[in-house]
$ cat input_12.cif   # mmCIF, C-alpha atoms
data_data
#
loop_
_atom_site.label_atom_id
_atom_site.label_comp_id
_atom_site.auth_asym_id
_atom_site.auth_seq_id
_atom_site.Cartn_x
_atom_site.Cartn_y
_atom_site.Cartn_z
CA MET A 1 -135.16 23.02 -55.18
CA THR A 2 -132.34 25.01 -56.75
CA THR A 3 -132.44 28.73 -57.36
CA VAL A 4 -130.36 30.09 -60.18
CA SER A 5 -129.90 33.80 -59.61
CA SER A 6 -128.22 34.42 -62.93
CA GLU A 7 -131.17 33.28 -65.01
CA VAL A 8 -134.78 34.37 -65.32
CA ALA A 9 -137.29 32.01 -66.84
CA GLU A 10 -139.04 33.63 -69.76
CA GLY A 11 -141.21 31.74 -72.21
CA GLY A 12 -139.53 28.42 -71.52
CA ARG A 13 -136.10 29.99 -72.12
CA SER A 14 -133.58 31.31 -69.62
CA ARG A 15 -131.83 34.63 -69.83
CA THR A 16 -128.45 35.45 -68.35
CA SER A 17 -127.97 38.94 -66.95
CA VAL A 18 -125.11 41.08 -68.29
CA GLY A 19 -123.50 41.29 -64.86
CA ASP A 20 -123.48 37.54 -64.31
CA TYR A 21 -122.34 36.91 -67.87
CA LEU A 22 -119.34 39.23 -67.41
CA LYS A 23 -118.60 37.68 -64.03
CA HIS A 24 -118.28 34.24 -65.60
CA HIS A 25 -116.36 35.51 -68.66
CA ILE A 26 -113.97 37.93 -67.03
CA ARG A 27 -111.03 36.05 -68.58
CA ASP A 28 -112.40 36.74 -72.07
CA TYR A 29 -113.20 40.44 -71.68
CA GLY A 30 -110.83 41.60 -68.93
CA MET A 31 -107.86 41.96 -71.28
CA LEU A 32 -109.93 43.76 -73.92
CA VAL A 33 -110.93 46.33 -71.31
CA ALA A 34 -107.29 46.53 -70.21
CA LEU A 35 -106.21 47.25 -73.82
CA VAL A 36 -108.76 50.07 -74.14
CA VAL A 37 -107.66 51.57 -70.80
CA ILE A 38 -103.96 51.35 -71.72
CA MET A 39 -104.57 52.96 -75.12
CA GLY A 40 -106.62 55.73 -73.48
CA PHE A 41 -103.87 56.33 -70.93
CA PHE A 42 -101.12 56.65 -73.53
CA GLN A 43 -103.33 58.68 -75.86
CA ILE A 44 -103.68 61.27 -73.08
CA TRP A 45 -100.11 61.16 -71.82
CA THR A 46 -98.57 61.36 -75.31
CA ASP A 47 -100.78 64.34 -76.21
CA GLY A 48 -102.60 62.39 -78.90
CA VAL A 49 -99.48 61.02 -80.65
CA LEU A 50 -100.47 57.37 -80.06
CA MET A 51 -103.49 57.48 -82.39
CA LYS A 52 -101.94 59.57 -85.14
CA PRO A 53 -102.06 57.76 -88.52
CA LEU A 54 -98.26 57.55 -88.87
CA ASN A 55 -97.83 56.12 -85.38
CA LEU A 56 -100.72 53.68 -85.86
CA THR A 57 -99.07 52.41 -89.03
CA ASN A 58 -95.77 51.98 -87.18
CA LEU A 59 -97.60 50.20 -84.37
CA PHE A 60 -98.94 47.58 -86.78
CA LEU A 61 -95.60 47.20 -88.55
CA GLN A 62 -93.64 46.89 -85.30
CA ASN A 63 -95.91 44.24 -83.82
CA SER A 64 -96.91 42.24 -86.88
CA TYR A 65 -94.32 39.49 -86.39
CA ILE A 66 -95.16 39.15 -82.68
CA ILE A 67 -98.89 38.81 -83.46
CA ILE A 68 -98.23 36.24 -86.22
CA MET A 69 -96.09 34.11 -83.92
CA ALA A 70 -98.59 34.49 -81.07
CA LEU A 71 -101.17 32.63 -83.20
CA GLY A 72 -98.92 29.58 -83.37
CA MET A 73 -97.67 29.91 -79.80
CA LEU A 74 -101.26 29.89 -78.53
CA LEU A 75 -101.83 26.45 -80.10
CA VAL A 76 -98.54 25.19 -78.63
CA ILE A 77 -99.42 26.44 -75.12
CA VAL A 78 -103.04 25.23 -75.36
CA CYS A 79 -101.59 21.82 -76.27
CA GLY A 80 -99.65 21.93 -72.99
CA HIS A 81 -96.20 22.78 -74.34
CA ILE A 82 -93.98 25.79 -75.01
CA ASP A 83 -91.56 26.85 -77.78
CA LEU A 84 -88.48 28.84 -76.77
CA SER A 85 -86.82 28.63 -80.19
CA VAL A 86 -89.08 30.99 -82.18
CA GLY A 87 -86.83 34.05 -81.81
CA SER A 88 -83.81 32.13 -83.09
CA VAL A 89 -85.88 30.69 -85.96
CA VAL A 90 -86.87 34.27 -86.91
CA GLY A 91 -83.20 35.25 -87.11
CA PHE A 92 -82.19 32.09 -88.98
CA ILE A 93 -84.94 32.38 -91.60
CA GLY A 94 -84.11 36.06 -92.14
CA ALA A 95 -80.47 35.10 -92.67
CA LEU A 96 -81.45 32.27 -95.03
CA ALA A 97 -83.64 34.63 -97.05
CA ALA A 98 -80.79 37.14 -97.31
CA VAL A 99 -78.31 34.52 -98.50
CA MET A 100 -80.79 33.19 -101.07
CA MET A 101 -81.99 36.54 -102.44
CA VAL A 102 -78.96 38.81 -101.97
CA SER A 103 -75.95 36.51 -102.11
CA TYR A 104 -77.29 34.00 -104.66
CA ASP A 105 -79.78 36.30 -106.41
CA LEU A 106 -82.66 33.80 -106.28
CA PRO A 107 -86.14 35.12 -107.19
CA VAL A 108 -88.46 36.18 -104.37
CA LEU A 109 -91.08 33.65 -105.54
CA VAL A 110 -88.54 30.87 -105.00
CA ALA A 111 -86.92 32.10 -101.79
CA VAL A 112 -90.09 32.89 -99.80
CA PRO A 113 -91.76 29.44 -100.18
CA ALA A 114 -88.40 27.76 -99.52
CA CYS A 115 -88.02 29.71 -96.27
CA LEU A 116 -91.57 28.88 -95.16
CA ILE A 117 -90.99 25.18 -95.86
CA THR A 118 -87.69 25.34 -93.95
CA GLY A 119 -89.48 26.87 -90.96
CA ALA A 120 -92.13 24.13 -91.04
CA LEU A 121 -89.39 21.47 -91.18
CA ILE A 122 -87.62 23.05 -88.20
CA GLY A 123 -90.85 22.98 -86.20
CA ALA A 124 -91.54 19.41 -87.33
CA ALA A 125 -88.07 18.27 -86.28
CA GLN A 126 -88.59 19.68 -82.80
CA GLY A 127 -92.17 18.42 -82.65
CA TYR A 128 -91.01 14.89 -83.50
CA TRP A 129 -88.89 14.60 -80.35
CA ILE A 130 -91.60 16.22 -78.22
CA ALA A 131 -94.58 14.27 -79.58
CA TYR A 132 -93.14 10.82 -80.21
CA TRP A 133 -90.21 10.62 -77.78
CA LYS A 134 -91.93 12.56 -74.98
CA ILE A 135 -88.91 14.79 -74.40
CA PRO A 136 -90.08 17.97 -72.58
CA SER A 137 -90.73 20.81 -75.00
CA PHE A 138 -88.79 23.19 -72.76
CA VAL A 139 -85.60 21.14 -73.26
CA VAL A 140 -86.05 20.50 -77.00
CA THR A 141 -86.86 24.11 -77.90
CA LEU A 142 -84.17 25.50 -75.59
CA ALA A 143 -81.69 23.37 -77.55
CA GLY A 144 -83.28 24.68 -80.76
CA MET A 145 -82.88 28.25 -79.56
CA LEU A 146 -79.13 27.73 -79.14
CA VAL A 147 -78.71 25.72 -82.35
CA PHE A 148 -80.45 28.18 -84.66
CA ARG A 149 -78.87 31.23 -83.04
CA GLY A 150 -75.51 29.64 -83.78
CA LEU A 151 -76.54 28.73 -87.33
CA THR A 152 -77.67 32.33 -87.91
CA LEU A 153 -74.22 33.60 -86.93
CA ALA A 154 -72.58 30.99 -89.14
CA LEU A 155 -74.82 31.74 -92.13
CA LEU A 156 -74.22 35.50 -91.93
CA GLU A 157 -70.57 35.07 -90.90
CA GLY A 158 -71.15 37.67 -88.21
CA GLN A 159 -72.16 40.40 -90.69
CA SER A 160 -75.41 41.96 -91.89
CA ILE A 161 -76.59 41.15 -95.43
CA GLY A 162 -78.85 43.45 -97.47
CA PRO A 163 -80.60 45.25 -99.03
CA PHE A 164 -83.45 43.04 -100.23
CA PRO A 165 -85.30 43.37 -103.55
CA LYS A 166 -88.13 45.92 -103.58
CA SER A 167 -90.76 43.23 -104.16
CA PHE A 168 -89.65 41.46 -100.98
CA GLN A 169 -89.63 44.68 -98.94
CA ALA A 170 -93.29 45.19 -99.90
CA LEU A 171 -94.12 42.16 -97.75
CA SER A 172 -93.72 44.39 -94.68
CA SER A 173 -93.45 48.01 -95.76
CA GLY A 174 -95.89 48.03 -98.70
CA PHE A 175 -99.50 49.28 -98.71
CA ILE A 176 -102.50 48.06 -100.65
CA PRO A 177 -102.90 50.11 -103.85
CA ASP A 178 -105.84 52.48 -104.14
CA PRO A 179 -107.57 52.51 -107.55
CA PHE A 180 -109.38 55.81 -106.93
CA GLY A 181 -106.26 57.97 -107.31
CA LEU A 182 -107.11 60.19 -104.33
CA ASP A 183 -104.92 61.50 -101.52
CA PHE A 184 -107.41 59.85 -99.18
CA ARG A 185 -107.16 56.03 -99.44
CA LEU A 186 -110.84 55.33 -100.02
CA LEU A 187 -110.38 51.60 -100.67
CA SER A 188 -108.86 51.14 -97.20
CA LEU A 189 -111.86 52.80 -95.56
CA LEU A 190 -114.31 50.73 -97.63
CA LEU A 191 -112.51 47.55 -96.59
CA GLY A 192 -112.74 48.62 -92.95
CA ILE A 193 -116.48 49.27 -93.29
CA ALA A 194 -116.95 45.89 -95.00
CA VAL A 195 -115.06 44.08 -92.23
CA GLY A 196 -117.03 45.85 -89.49
CA ALA A 197 -120.38 45.15 -91.15
CA GLY A 198 -119.42 41.57 -91.98
CA MET A 199 -118.43 40.91 -88.38
CA ILE A 200 -121.87 42.02 -87.16
CA VAL A 201 -123.75 40.05 -89.85
CA PHE A 202 -121.81 36.82 -89.29
CA GLY A 203 -122.11 37.27 -85.52
CA LEU A 204 -125.89 37.59 -85.78
CA ARG A 205 -126.10 34.54 -88.05
CA ALA A 206 -123.98 32.46 -85.68
CA ARG A 207 -126.10 33.61 -82.73
CA ALA A 208 -129.34 32.73 -84.54
CA LYS A 209 -127.96 29.29 -85.44
CA GLN A 210 -126.94 28.68 -81.84
CA ALA A 211 -130.38 29.79 -80.58
CA ARG A 212 -132.05 27.12 -82.74
CA PHE A 213 -130.19 24.30 -81.02
CA SER A 214 -129.38 25.52 -77.51
CA HIS A 215 -129.57 28.34 -74.99
CA VAL A 216 -127.63 31.47 -75.97
CA GLU A 217 -125.73 32.50 -72.88
CA GLU A 218 -124.55 35.91 -74.08
CA PRO A 219 -127.26 38.58 -73.49
CA LEU A 220 -128.51 40.18 -76.72
CA GLY A 221 -127.92 43.73 -75.51
CA PHE A 222 -124.34 42.95 -74.56
CA PHE A 223 -123.78 41.15 -77.88
CA LEU A 224 -125.03 44.14 -79.89
CA ALA A 225 -123.08 46.68 -77.82
CA LYS A 226 -119.84 44.66 -77.98
CA ASN A 227 -119.97 44.05 -81.72
CA GLY A 228 -121.11 47.61 -82.45
CA ILE A 229 -118.21 49.10 -80.49
CA ILE A 230 -115.66 46.76 -82.09
CA ALA A 231 -117.03 47.46 -85.59
CA ALA A 232 -116.92 51.21 -84.93
CA ALA A 233 -113.33 50.92 -83.69
CA ILE A 234 -112.33 49.01 -86.85
CA VAL A 235 -113.92 51.64 -89.10
CA TYR A 236 -112.32 54.49 -87.13
CA ILE A 237 -108.84 52.95 -87.25
CA THR A 238 -109.12 52.23 -90.98
CA TYR A 239 -110.28 55.83 -91.47
CA LEU A 240 -107.18 57.11 -89.68
CA LEU A 241 -104.94 54.81 -91.74
CA ALA A 242 -106.73 55.94 -94.93
CA THR A 243 -105.68 59.53 -94.22
CA TYR A 244 -102.03 58.40 -94.40
CA ASN A 245 -100.96 55.58 -96.75
CA GLY A 246 -103.90 53.22 -96.26
CA LEU A 247 -103.78 49.64 -95.01
CA PRO A 248 -100.31 48.07 -94.81
CA ASN A 249 -99.86 44.75 -96.63
CA VAL A 250 -98.80 43.13 -93.37
CA LEU A 251 -102.08 44.17 -91.73
CA ILE A 252 -104.01 42.31 -94.44
CA THR A 253 -101.76 39.27 -93.85
CA MET A 254 -102.44 39.42 -90.12
CA ALA A 255 -106.20 39.81 -90.61
CA VAL A 256 -106.37 36.75 -92.89
CA LEU A 257 -104.31 34.66 -90.46
CA ILE A 258 -106.35 35.77 -87.43
CA ALA A 259 -109.61 34.91 -89.20
CA GLY A 260 -108.26 31.56 -90.37
CA TYR A 261 -106.89 30.50 -87.00
CA SER A 262 -110.02 31.71 -85.19
CA PHE A 263 -112.10 29.48 -87.46
CA PHE A 264 -109.68 26.58 -86.98
CA THR A 265 -109.73 26.74 -83.18
CA THR A 266 -113.49 27.23 -82.78
CA LYS A 267 -115.12 25.42 -85.71
CA SER A 268 -112.81 22.62 -86.83
CA VAL A 269 -112.45 19.17 -85.30
CA PRO A 270 -108.61 19.24 -85.14
CA GLY A 271 -108.76 22.63 -83.40
CA ARG A 272 -111.11 21.34 -80.70
CA ARG A 273 -108.95 18.24 -80.28
CA ILE A 274 -105.89 20.39 -79.54
CA TYR A 275 -107.84 21.89 -76.62
CA ALA A 276 -108.75 18.37 -75.49
CA ILE A 277 -105.08 17.37 -75.48
CA GLY A 278 -104.16 20.36 -73.33
CA GLY A 279 -107.05 19.68 -70.96
CA ASN A 280 -106.18 16.02 -70.39
CA GLU A 281 -103.85 14.26 -72.79
CA LYS A 282 -104.49 10.77 -71.43
CA ALA A 283 -108.25 11.15 -71.66
CA ALA A 284 -107.92 12.58 -75.17
CA LYS A 285 -105.82 9.61 -76.26
CA LEU A 286 -108.27 7.12 -74.75
CA SER A 287 -111.10 8.83 -76.65
CA GLY A 288 -109.36 8.08 -79.94
CA ILE A 289 -107.53 11.35 -80.60
CA LYS A 290 -104.11 10.89 -82.20
CA THR A 291 -102.34 13.09 -79.69
CA GLU A 292 -98.82 12.55 -81.01
CA ARG A 293 -99.71 13.55 -84.56
CA LEU A 294 -101.58 16.69 -83.48
CA THR A 295 -98.72 17.77 -81.18
CA PHE A 296 -96.26 17.17 -84.02
CA LEU A 297 -98.35 19.27 -86.43
CA THR A 298 -98.77 22.03 -83.84
CA PHE A 299 -94.99 22.49 -83.67
CA ALA A 300 -94.64 22.29 -87.46
CA ASN A 301 -97.24 25.06 -87.70
CA MET A 302 -95.32 27.12 -85.13
CA GLY A 303 -92.15 26.76 -87.18
CA MET A 304 -93.90 27.93 -90.34
CA LEU A 305 -95.36 31.01 -88.61
CA ALA A 306 -91.97 31.81 -87.07
CA ALA A 307 -90.52 31.64 -90.59
CA LEU A 308 -93.19 34.01 -91.89
CA ALA A 309 -92.45 36.38 -89.01
CA GLY A 310 -88.74 36.15 -89.83
CA LEU A 311 -89.42 37.12 -93.46
CA ILE A 312 -91.60 40.07 -92.42
CA PHE A 313 -89.03 41.26 -89.88
CA ALA A 314 -86.19 41.02 -92.40
CA ALA A 315 -88.29 42.82 -95.03
CA ARG A 316 -89.04 45.63 -92.57
CA LEU A 317 -85.36 46.09 -91.63
CA ASN A 318 -84.32 45.58 -95.28
CA THR A 319 -81.38 43.58 -93.99
CA ALA A 320 -80.60 40.35 -92.12
CA THR A 321 -78.62 40.84 -88.93
CA PRO A 322 -77.08 38.36 -86.45
CA LYS A 323 -79.13 39.93 -83.64
CA ALA A 324 -82.51 39.56 -85.38
CA GLY A 325 -85.13 37.82 -83.27
CA VAL A 326 -83.28 38.11 -79.96
CA ALA A 327 -85.76 37.79 -77.06
CA PHE A 328 -88.76 37.65 -79.44
CA GLU A 329 -89.84 34.41 -77.78
CA LEU A 330 -90.32 36.30 -74.51
CA ASP A 331 -92.65 38.87 -76.08
CA VAL A 332 -94.62 36.15 -77.89
CA ILE A 333 -95.07 33.97 -74.81
CA ALA A 334 -95.93 37.02 -72.71
CA ALA A 335 -98.56 38.09 -75.26
CA VAL A 336 -100.25 34.67 -75.13
CA PHE A 337 -100.32 34.54 -71.33
CA ILE A 338 -101.49 38.14 -71.02
CA GLY A 339 -104.23 37.29 -73.53
CA GLY A 340 -105.70 34.71 -71.16
CA ALA A 341 -104.02 31.40 -72.03
CA SER A 342 -103.53 29.03 -69.11
CA MET A 343 -100.10 27.76 -68.09
CA SER A 344 -101.54 24.27 -67.62
CA GLY A 345 -102.90 24.11 -71.19
CA GLY A 346 -106.37 23.61 -72.60
CA VAL A 347 -107.43 27.26 -72.25
CA GLY A 348 -106.86 30.22 -74.57
CA ARG A 349 -108.34 32.06 -77.53
CA ILE A 350 -106.89 33.46 -80.73
CA MET A 351 -108.35 36.93 -80.14
CA GLY A 352 -107.00 36.83 -76.59
CA ALA A 353 -103.47 36.23 -77.90
CA VAL A 354 -103.91 39.07 -80.43
CA ILE A 355 -105.14 41.42 -77.68
CA GLY A 356 -102.21 40.38 -75.48
CA ALA A 357 -99.78 41.16 -78.31
CA PHE A 358 -101.38 44.57 -78.83
CA ILE A 359 -101.16 45.31 -75.10
CA MET A 360 -97.42 44.61 -75.24
CA GLY A 361 -97.08 46.62 -78.46
CA VAL A 362 -99.03 49.65 -77.21
CA MET A 363 -97.03 49.65 -73.98
CA ASN A 364 -93.72 49.52 -75.90
CA ASN A 365 -94.83 52.24 -78.30
CA GLY A 366 -96.39 54.49 -75.68
CA MET A 367 -93.47 54.26 -73.27
CA SER A 368 -91.01 54.99 -76.10
CA ILE A 369 -92.98 58.11 -77.09
CA MET A 370 -92.96 59.23 -73.44
CA GLY A 371 -89.21 58.73 -73.26
CA VAL A 372 -89.26 55.87 -70.74
CA GLY A 373 -85.90 54.08 -70.81
CA ILE A 374 -85.59 50.50 -72.06
CA ASP A 375 -84.62 49.40 -68.55
CA TRP A 376 -87.90 50.55 -67.01
CA GLN A 377 -89.84 49.29 -70.03
CA GLN A 378 -88.58 45.78 -69.26
CA VAL A 379 -89.51 46.15 -65.59
CA ILE A 380 -93.05 47.30 -66.39
CA LYS A 381 -93.62 44.58 -69.00
CA GLY A 382 -92.40 41.97 -66.53
CA LEU A 383 -94.81 43.20 -63.87
CA VAL A 384 -97.70 43.17 -66.36
CA LEU A 385 -96.88 39.57 -67.31
CA LEU A 386 -96.69 38.56 -63.64
CA ALA A 387 -100.04 40.24 -62.96
CA ALA A 388 -101.63 38.36 -65.89
CA VAL A 389 -100.35 34.99 -64.63
CA ILE A 390 -101.50 35.73 -61.06
CA PHE A 391 -104.90 36.70 -62.50
CA ASP A 392 -105.05 33.36 -64.33
CA VAL A 393 -104.08 31.34 -61.24
CA TYR A 394 -106.58 33.26 -59.08
CA ASN A 395 -109.45 32.66 -61.51
CA LYS A 396 -108.59 28.99 -61.80
CA SER A 397 -108.46 28.47 -58.04
CA LYS A 398 -111.71 30.41 -57.66
CA GLY A 399 -113.39 28.22 -60.26
CA ASP A 400 -112.14 25.02 -58.61
CA SER A 401 -113.34 26.05 -55.15
#
$ encode --input "input_12.cif" --output "structure tokens"
Amino acid sequence: MTTVSSEVAEGGRSRTSVGDYLKHHIRDYGMLVALVVIMGFFQIWTDGVLMKPLNLTNLFLQNSYIIIMALGMLLVIVCGHIDLSVGSVVGFIGALAAVMMVSYDLPVLVAVPACLITGALIGAAQGYWIAYWKIPSFVVTLAGMLVFRGLTLALLEGQSIGPFPKSFQALSSGFIPDPFGLDFRLLSLLLGIAVGAGMIVFGLRARAKQARFSHVEEPLGFFLAKNGIIAAAIVYITYLLATYNGLPNVLITMAVLIAGYSFFTTKSVPGRRIYAIGGNEKAAKLSGIKTERLTFLTFANMGMLAALAGLIFAARLNTATPKAGVAFELDVIAAVFIGGASMSGGVGRIMGAVIGAFIMGVMNNGMSIMGVGIDWQQVIKGLVLLAAVIFDVYNKSKGDS
């Protein structure tokens, strides 16, 4: 006879206690708690500067391209690979956009799609060798990192090119217009309230649907508390942003991408198959999954998101520089690992990658406000990344034992 301490029989159903649920999902919620603690720490030590509307806006603008690339990098790492070329692709696409819009005076509506297609083709070219020729992704993307860094220098001829047209700058530095004509951006607050309420409603509907077909593991009290706190945080942050210039355009872009990729990874068949490939590629192939094609498309997707990040970064700087994108790949990979992705593939969540990116961003921002030098910032970020990987290895070994 087996005794299950984490469950209590009740009316033919079993209930998991909050403590046991958290114990078995520490990977999912540990980093969220860490983000809250880190934000609280810097909020106190910066005398409240961290959460000021202007600084919050800068925080989103400064980390938007890292978060966007983290979405694609998560899929690459879940698939069991890595992409070291994304920083160089960011610089190359920014340079290409500058040449097209500034040097050749092409319209924004022509240049932006062309740059996104170019990014997808770059990712596809690298994915071809990785997926179909089985060349290690580390080698292929390391070569890509060198190639596109060199092409960036050649395209810009060692000089910066700018400024960009105003319509292109709005991609990063613009804000959603407010139709109410008030100093307070009411539309931004209403959008925040709608998102918070929608998250709770859709969460309840998904929970009810799951309850009809299987046991719901997450305790109801924990579910309500978690979603209520997150919804309140969304409303509060949008309120703070509404007191300044409202929601940045890039924040809307990020929100749409996060929602889309969250749906793709959790609800779609191709998304679940990517996890299967990372878990065991041979078994996935034997079960009928076209592993080569999915790996190829994963890298093409990464290239497109790197191109989008390159456009946003160039729009924010209002110029294309030879140094753009340097070491971005390190921040992106660190964000994904800190967010709970496994080095061996098959494990990771979109929201985890986003939280990991925000942890890196808040640390950068908070340490800069406190006057911590760039040297010690690198040391601290490296230690945080190491701690996250050790945490992952420890949890994996604990689960296997």
$ closest_residue --input "input_12.cif" --among "A:Ala334, A:Phe358, A:Ile66, A:Leu247" --to "Ala388 (chain A)" --atoms "all atoms listed in the file"
A:Ala334
$ residues_near_point --input "input_12.cif" --point "(-117.1, 44.9, -91.8)" --cutoff "12 Å" --atoms "all atoms listed in the file" --output "CSV table (one decimal) with C-alpha atoms, in the coordinates of the input"
chain,number,residue,atom,x,y,z
A,188,SER,CA,-108.9,51.1,-97.2
A,189,LEU,CA,-111.9,52.8,-95.6
A,190,LEU,CA,-114.3,50.7,-97.6
A,191,LEU,CA,-112.5,47.6,-96.6
A,192,GLY,CA,-112.7,48.6,-93.0
A,193,ILE,CA,-116.5,49.3,-93.3
A,194,ALA,CA,-117.0,45.9,-95.0
A,195,VAL,CA,-115.1,44.1,-92.2
A,196,GLY,CA,-117.0,45.8,-89.5
A,197,ALA,CA,-120.4,45.2,-91.2
A,198,GLY,CA,-119.4,41.6,-92.0
A,199,MET,CA,-118.4,40.9,-88.4
A,200,ILE,CA,-121.9,42.0,-87.2
A,201,VAL,CA,-123.8,40.0,-89.8
A,202,PHE,CA,-121.8,36.8,-89.3
A,203,GLY,CA,-122.1,37.3,-85.5
A,227,ASN,CA,-120.0,44.0,-81.7
A,228,GLY,CA,-121.1,47.6,-82.4
A,230,ILE,CA,-115.7,46.8,-82.1
A,231,ALA,CA,-117.0,47.5,-85.6
A,232,ALA,CA,-116.9,51.2,-84.9
A,233,ALA,CA,-113.3,50.9,-83.7
A,234,ILE,CA,-112.3,49.0,-86.8
A,235,VAL,CA,-113.9,51.6,-89.1
A,236,TYR,CA,-112.3,54.5,-87.1
A,238,THR,CA,-109.1,52.2,-91.0
$ atom_distance --input "input_12.cif" --atom1 "CA of Ala320 (chain A)" --atom2 "CA of Ala306 (chain A)"
15.1 Å
$ resolve_selection --input "input_12.cif" --expression "the PyMOL selection byres ((chain A and resi 35-48) around 12)" --output "PDB file with C-alpha atoms, in the coordinates of the input"
ATOM      1  CA  TYR A  29    -113.200  40.440 -71.680  1.00  0.00           C
ATOM      2  CA  GLY A  30    -110.830  41.600 -68.930  1.00  0.00           C
ATOM      3  CA  MET A  31    -107.860  41.960 -71.280  1.00  0.00           C
ATOM      4  CA  LEU A  32    -109.930  43.760 -73.920  1.00  0.00           C
ATOM      5  CA  VAL A  33    -110.930  46.330 -71.310  1.00  0.00           C
ATOM      6  CA  ALA A  34    -107.290  46.530 -70.210  1.00  0.00           C
ATOM      7  CA  VAL A  49     -99.480  61.020 -80.650  1.00  0.00           C
ATOM      8  CA  LEU A  50    -100.470  57.370 -80.060  1.00  0.00           C
ATOM      9  CA  MET A  51    -103.490  57.480 -82.390  1.00  0.00           C
ATOM     10  CA  LYS A  52    -101.940  59.570 -85.140  1.00  0.00           C
ATOM     11  CA  PRO A  53    -102.060  57.760 -88.520  1.00  0.00           C
ATOM     12  CA  LEU A  54     -98.260  57.550 -88.870  1.00  0.00           C
ATOM     13  CA  ASN A  55     -97.830  56.120 -85.380  1.00  0.00           C
ATOM     14  CA  LEU A  56    -100.720  53.680 -85.860  1.00  0.00           C
ATOM     15  CA  LEU A  59     -97.600  50.200 -84.370  1.00  0.00           C
ATOM     16  CA  ILE A 229    -118.210  49.100 -80.490  1.00  0.00           C
ATOM     17  CA  ILE A 230    -115.660  46.760 -82.090  1.00  0.00           C
ATOM     18  CA  ALA A 233    -113.330  50.920 -83.690  1.00  0.00           C
ATOM     19  CA  ILE A 338    -101.490  38.140 -71.020  1.00  0.00           C
ATOM     20  CA  GLY A 339    -104.230  37.290 -73.530  1.00  0.00           C
ATOM     21  CA  GLY A 352    -107.000  36.830 -76.590  1.00  0.00           C
ATOM     22  CA  VAL A 354    -103.910  39.070 -80.430  1.00  0.00           C
ATOM     23  CA  ILE A 355    -105.140  41.420 -77.680  1.00  0.00           C
ATOM     24  CA  GLY A 356    -102.210  40.380 -75.480  1.00  0.00           C
ATOM     25  CA  ALA A 357     -99.780  41.160 -78.310  1.00  0.00           C
ATOM     26  CA  PHE A 358    -101.380  44.570 -78.830  1.00  0.00           C
ATOM     27  CA  ILE A 359    -101.160  45.310 -75.100  1.00  0.00           C
ATOM     28  CA  MET A 360     -97.420  44.610 -75.240  1.00  0.00           C
ATOM     29  CA  GLY A 361     -97.080  46.620 -78.460  1.00  0.00           C
ATOM     30  CA  VAL A 362     -99.030  49.650 -77.210  1.00  0.00           C
ATOM     31  CA  MET A 363     -97.030  49.650 -73.980  1.00  0.00           C
ATOM     32  CA  ASN A 364     -93.720  49.520 -75.900  1.00  0.00           C
ATOM     33  CA  ASN A 365     -94.830  52.240 -78.300  1.00  0.00           C
ATOM     34  CA  GLY A 366     -96.390  54.490 -75.680  1.00  0.00           C
ATOM     35  CA  MET A 367     -93.470  54.260 -73.270  1.00  0.00           C
ATOM     36  CA  SER A 368     -91.010  54.990 -76.100  1.00  0.00           C
ATOM     37  CA  ILE A 369     -92.980  58.110 -77.090  1.00  0.00           C
ATOM     38  CA  MET A 370     -92.960  59.230 -73.440  1.00  0.00           C
ATOM     39  CA  GLY A 371     -89.210  58.730 -73.260  1.00  0.00           C
ATOM     40  CA  VAL A 372     -89.260  55.870 -70.740  1.00  0.00           C
ATOM     41  CA  VAL A 384     -97.700  43.170 -66.360  1.00  0.00           C
TER      42      VAL A 384
END
$ resolve_selection --input "input_12.cif" --expression "the PyMOL selection byres ((chain A and resi 83) around 9)" --output "PyMOL selection string"
chain A and resi 73+76-77+81-82+84-86+137-138+140-142+145+299+302+329+333
$ write_last_selection --input "input_12.cif" --atoms "C-alpha atoms" --output "compact mmCIF listing (two decimals), in the frame of the given file"
# COMPACT_ATOMS: atom_id res chain seq x y z
CA MET A 73 -97.67 29.91 -79.80
CA VAL A 76 -98.54 25.19 -78.63
CA ILE A 77 -99.42 26.44 -75.12
CA HIS A 81 -96.20 22.78 -74.34
CA ILE A 82 -93.98 25.79 -75.01
CA LEU A 84 -88.48 28.84 -76.77
CA SER A 85 -86.82 28.63 -80.19
CA VAL A 86 -89.08 30.99 -82.18
CA SER A 137 -90.73 20.81 -75.00
CA PHE A 138 -88.79 23.19 -72.76
CA VAL A 140 -86.05 20.50 -77.00
CA THR A 141 -86.86 24.11 -77.90
CA LEU A 142 -84.17 25.50 -75.59
CA MET A 145 -82.88 28.25 -79.56
CA PHE A 299 -94.99 22.49 -83.67
CA MET A 302 -95.32 27.12 -85.13
CA GLU A 329 -89.84 34.41 -77.78
CA ILE A 333 -95.07 33.97 -74.81
$ residues_around --input "input_12.cif" --residues "Leu153 (chain A)" --least-positions-apart "5" --cutoff "12 Å" --atoms "only C-alpha atoms" --output "list in words"
Ser88, Gly91, Phe92, Ile93, Gly94, Ala95, Leu96, Leu146, Val147, Phe148, Gly158, Gln159, Ser160, Ile161, Ala320, Thr321, Pro322, Lys323 and Ala324 of chain A
$ residues_around --input "input_12.cif" --residues "Ile289 (chain A)" --least-positions-apart "2" --cutoff "12 Å" --atoms "only C-alpha atoms" --output "PyMOL selection string"
chain A and resi 269-277+280-287+291-295
$ closest_residue --input "input_12.cif" --among "A:Arg349, A:Lys134, A:Arg185, A:Lys209" --to "Gly246 (chain A)" --atoms "only C-alpha atoms"
A:Arg185
$ closest_residue --input "input_12.cif" --among "A:Leu330, A:Gly260, A:His24, A:Val89" --to "Leu151 (chain A)" --atoms "all atoms listed in the file"
A:Val89
$ atom_distance --input "input_12.cif" --atom1 "CA of Met254 (chain A)" --atom2 "CA of Val90 (chain A)"
16.7 Å
